[in-house]
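Novice: Below you'll find the structure I mean.
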Amino acid sequence: MTDTRDLASRAAAFAALHTPAAPLALANAWDVASARVVEAAGSRAVATTSAGVAWSLGSPDGDALARERALDLIARVSAAVSVPVTADIEGGFGADPAGVGETVAGVLAAGAVGVNIEDGDRDPADHAERLAAARAAAGAAGVPLFINARVDTYLRGLGAPETRLDETLARAAAYLEAGASGIFVPGVVDPATLAELAKGIDAPLNVLVGPAAPSVAELGALGVARVSLGSWVAEAAYAVARRATEELLAGGTYASLADSLPYGELNGLLKG
């Protein structure tokens with residue numbers, strides 16, 4: 001049985017990690033092995049990537065994965081690491097707010113203390129109701145779950161470019177009022193825009209980063225409190241699999257595997 005007091009303590013500790021002074025940097029995991037690797041490398045928390053999780057379970061990303069399979073993975077990851085776990089649950093794995101509440105109850109039972117919930121092309125008012133249901137479920141469990149509300153205006157190019165900042169700030173305000181703990185705005189790494197977002201959002205700001213993004217320190221100076229690699233790490237891992245296969249089949253060589261994690265080290269992370 002999940003210890004509510006322990007979950008509440010871990011949730012509070014996880015929330016405290018969100019600060020621009022030292023942004024929470026998350027290299028998202030997609031299975032137990034990647035979660036253990038991330039923890040062993042020194043990460044202060046483990047975040048899952050919905051895309052990586054879905055791919056590893058044979059499903060496409062985008063609310064196609066069955067809730068039960070997602071919760072099972074979250075439980076496995078939470079049991080395997082000692083740091084707080086936050087789970088990307090896409091749109092909430094529920095057809096309506098009540099369904100999202102059921103998912104959140106399952107996430108807490110699985111041992112995670114944070115979630116990402118994305119709005120996508122959903123009406124912002126409808127999404128706010130889903131976030132409110134998530135907060136209510138967490139409240140009923142007695143856990144201050146960190147709800148990271150993802151705003152997809154930039155990622156999906158929603159609305160006119162000249163109104164996108166204002167629309168993002170409006171959605172962020174509505175989501176915070178509904179019970180969100182932080183705001184996640186993927187799809188933008190422009191310093192000027194990020195500074196405006198950090199200034200206009202009264203909560204920790206999370207951004208998605210990749211090779212072209214500013215450094216974590218630079219993002220912190222702009223007011224960003226959390227930085228995520230999202231599906232990039234999983235994509236890179238699968239790229240290695242493809243390169244190694246192509247090299248093996250085309251040239252009969254194996255140079256692509258030169259920087260592999262040693263067998264003994266990886267196997268050791270999963271013992272006990």
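Ligands are numbered from 1 in the order shown, residues from 1 within each chain, and chains are lettered A, B, ... in the order they appear in the structure tokens.
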Once DSSP has gone over the backbone, tell me which residues of segment 42-166 of chain A are in strand (DSSP E), as an MDAnalysis selection string.
Specialist: chainID A and resid 46:47 85:88 114:118 146:150
Novice: Keeping only C-alpha atoms, write the selected residues as a PDB file, in the first residue's frame.
Specialist:
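Output saved as out.pdb:
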```pdb
ATOM      1  CA  VAL A  46      13.101  11.110 -12.732  1.00  0.00           C
ATOM      2  CA  ALA A  47      10.586  12.232 -15.341  1.00  0.00           C
ATOM      3  CA  VAL A  85       9.126  10.539 -10.068  1.00  0.00           C
ATOM      4  CA  THR A  86       6.959  12.713 -12.281  1.00  0.00           C
ATOM      5  CA  ALA A  87       4.962  11.061 -15.045  1.00  0.00           C
ATOM      6  CA  ASP A  88       3.933  12.413 -18.422  1.00  0.00           C
ATOM      7  CA  GLY A 114       4.120  14.751 -10.308  1.00  0.00           C
ATOM      8  CA  VAL A 115       2.341  14.676 -13.646  1.00  0.00           C
ATOM      9  CA  ASN A 116       2.410  16.465 -16.979  1.00  0.00           C
ATOM     10  CA  ILE A 117      -0.999  17.030 -18.553  1.00  0.00           C
ATOM     11  CA  GLU A 118      -1.146  18.608 -22.022  1.00  0.00           C
ATOM     12  CA  PHE A 146       2.909  18.696  -8.765  1.00  0.00           C
ATOM     13  CA  ILE A 147       0.680  19.231 -11.793  1.00  0.00           C
ATOM     14  CA  ASN A 148       2.704  20.550 -14.703  1.00  0.00           C
ATOM     15  CA  ALA A 149       0.158  21.954 -17.150  1.00  0.00           C
ATOM     16  CA  ARG A 150       1.481  21.830 -20.706  1.00  0.00           C
TER      17      ARG A 150
END
```
Novice: Residues within 9 Å of segment 219-236 of chain A, please, as a ChimeraX atom specification. Count only C-alpha atoms; anything in the same chain fewer than 4 positions from it doesn't count.
Specialist: /A:17-30,47-53,55,184,189,191-192,194-199,203-210,213-215,240-241
Novice: Would you mind writing down, as an NGL selection string, each residue of segment 74-265 of chain A that DSSP on the backbone assigns to alpha helix (DSSP H)?
Specialist: :A and (74-80 or 97-109 or 124-141 or 164-178 or 191-200 or 216-222 or 232-251 or 263-265)
Novice: Please measure the separation of atom CA of Leu257 of chain A and atom CA of Glu39 of chain A, giving the value in Å to one decimal.
Specialist: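 Separation between atom CA of Leu257 of chain A and atom CA of Glu39 of chain A: 22.9 Å.
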Novice: Can you work out which one of A:Ala105, A:Ala237, A:Leu155, A:Leu65 has the shortest atom-to-atom distance to Asp259 of chain A, counting only C-alpha atoms?
Specialist: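 Nearest candidate to Asp259 of chain A out of A:Ala105, A:Ala237, A:Leu155, A:Leu65: A:Ala237.
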Novice: So how many Å separate atom CA of Thr103 of chain A and atom CA of Val38 of chain A, to one decimal?
Specialist: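 Atom-to-atom, atom CA of Thr103 of chain A and atom CA of Val38 of chain A are spaced 25.1 Å apart.
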Novice: With distances taken over only C-alpha atoms, which of A:Thr153, A:Asp3, A:Asp126, A:Ala75 is nearest to Ala95 of chain A?
Specialist: A:Asp126
Novice: Go through A:Val216, A:Ser256, A:Pro262, A:Glu90 and flag the residue nearest Pro60 of chain A, using only C-alpha atoms for the distances.
Specialist: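 Of A:Val216, A:Ser256, A:Pro262, A:Glu90, the one nearest Pro60 of chain A, counting only C-alpha atoms, is A:Glu90.
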Novice: Excluding Ile74 of chain A and any residue of its chain fewer than 4 positions from it, enumerate the residues within 7 Å of it, using only C-alpha atoms, and give them as a PDB file with N, CA and C atoms, in the first residue's frame.
Specialist:
```
ATOM      1  N   ALA A  70       0.184   2.410 -19.019  1.00  0.00           N
ATOM      2  CA  ALA A  70       0.956   3.569 -18.585  1.00  0.00           C
ATOM      3  C   ALA A  70       1.167   3.542 -17.069  1.00  0.00           C
ATOM      4  N   SER A  78       8.735   4.003 -10.437  1.00  0.00           N
ATOM      5  CA  SER A  78       8.710   4.556  -9.082  1.00  0.00           C
ATOM      6  C   SER A  78       9.328   3.603  -8.073  1.00  0.00           C
ATOM      7  N   ALA A  87       5.373  11.833 -13.880  1.00  0.00           N
ATOM      8  CA  ALA A  87       4.962  11.061 -15.045  1.00  0.00           C
ATOM      9  C   ALA A  87       4.250  11.924 -16.072  1.00  0.00           C
ATOM     10  N   ALA A 110       0.594   4.496  -7.894  1.00  0.00           N
ATOM     11  CA  ALA A 110       1.801   3.932  -8.509  1.00  0.00           C
ATOM     12  C   ALA A 110       3.078   4.500  -7.905  1.00  0.00           C
TER      13      ALA A 110
END
```
Novice: Just how far from atom CA of Phe14 of chain A is atom CA of Ala138 of chain A, in Å to one decimal?
Specialist: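 These atoms are spaced 15.0 Å apart.
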Novice: Need the shell around Thr168 of chain A: protein/DNA/RNA residues with any atom at most 9 Å away, counting only C-alpha atoms. Skip same-chain ones fewer than 4 positions apart. Format as a PyMOL selection string?
Specialist: chain A and resi 151-154+163-164+172-173+185+197
